[in-house]
Amino acid sequence: EPKTLKLSFKLADKLTSASLTVHYAGVVPDSFKPGGELIVEGVYQGNGVFLAATLMPKCASKYE
């Protein structure tokens, strides 16, 4: 939602197929993309919902 800067998405673990719904409010990093690796910091609310305070997309070429 561009006007409110709110974003919700599913975060899935490729190894276990487990997933969480992530809610985030704020400016989304330019390198954020569906299917990319992501580090999320915040608070687990329970019932499969994570409230993110920080989104950090991983860029393999930048961190190798």
# chains A, B, ... in the order shown; residues from 1 in each chain; ligands from 1
>>> residues_around(residues="stretch 15-30 of chain A", least_positions_apart="5", cutoff="6 Å", atoms="only C-alpha atoms", output="list in words")
Leu5, Lys6, Leu7, Ser8, Phe9, Lys10, Gly48, Val49, Phe50, Leu51 and Ala52 of chain A
>>> select_by_dssp(residues="chain A", states="alpha helix (DSSP H)", output="list of chain:residue names")
A:Ala60, A:Ser61, A:Lys62, A:Tyr63
>>> write_last_selection(atoms="N, CA, C and O atoms", output="JSON list (two decimals), in the first residue's frame")
[["chain", "number", "residue", "atom", "x", "y", "z"],
["A", 60, "ALA", "N", 23.92, -11.52, -2.74],
["A", 60, "ALA", "CA", 25.06, -12.45, -2.70],
["A", 60, "ALA", "C", 26.36, -11.82, -3.18],
["A", 60, "ALA", "O", 27.40, -12.00, -2.56],
["A", 61, "SER", "N", 26.30, -11.07, -4.24],
["A", 61, "SER", "CA", 27.53, -10.49, -4.76],
["A", 61, "SER", "C", 28.12, -9.44, -3.83],
["A", 61, "SER", "O", 29.32, -9.25, -3.79],
["A", 62, "LYS", "N", 27.29, -8.77, -3.06],
["A", 62, "LYS", "CA", 27.77, -7.72, -2.16],
["A", 62, "LYS", "C", 28.42, -8.30, -0.91],
["A", 62, "LYS", "O", 29.33, -7.71, -0.35],
["A", 63, "TYR", "N", 27.96, -9.48, -0.45],
["A", 63, "TYR", "CA", 28.42, -10.03, 0.82],
["A", 63, "TYR", "C", 29.39, -11.18, 0.68],
["A", 63, "TYR", "O", 29.84, -11.73, 1.67]]
>>> atom_distance(atom1="atom CA of A:Cys59", atom2="atom CA of A:Gly35")
12.4 Å
>>> residues_around(residues="A:Ile39", least_positions_apart="5", cutoff="12 Å", atoms="only C-alpha atoms", output="mmCIF file with C-alpha atoms, in the first residue's frame")
data_model
loop_
_atom_site.group_PDB
_atom_site.id
_atom_site.type_symbol
_atom_site.label_atom_id
_atom_site.label_comp_id
_atom_site.auth_asym_id
_atom_site.auth_seq_id
_atom_site.Cartn_x
_atom_site.Cartn_y
_atom_site.Cartn_z
ATOM 1 C CA LEU A 11 8.290 -15.463 4.192
ATOM 2 C CA ALA A 12 9.132 -19.101 3.443
ATOM 3 C CA ASP A 13 12.034 -21.329 4.429
ATOM 4 C CA VAL A 22 5.203 -10.765 7.688
ATOM 5 C CA PRO A 29 14.560 -1.276 0.346
ATOM 6 C CA PHE A 32 13.662 -6.106 -2.071
ATOM 7 C CA ALA A 52 8.919 -6.709 11.070
ATOM 8 C CA ALA A 53 10.819 -3.617 12.147
ATOM 9 C CA THR A 54 13.641 -4.067 9.606
ATOM 10 C CA LEU A 55 13.912 -5.669 6.156
ATOM 11 C CA MET A 56 17.390 -6.440 4.835
ATOM 12 C CA PRO A 57 17.501 -8.074 1.393
ATOM 13 C CA LYS A 58 20.580 -10.231 0.924
ATOM 14 C CA CYS A 59 22.707 -9.536 -2.107
#
>>> select_by_dssp(residues="stretch 2-36 of chain A", states="strand (DSSP E)", output="VMD selection string")
chain A and resid 6 to 12 19 to 25
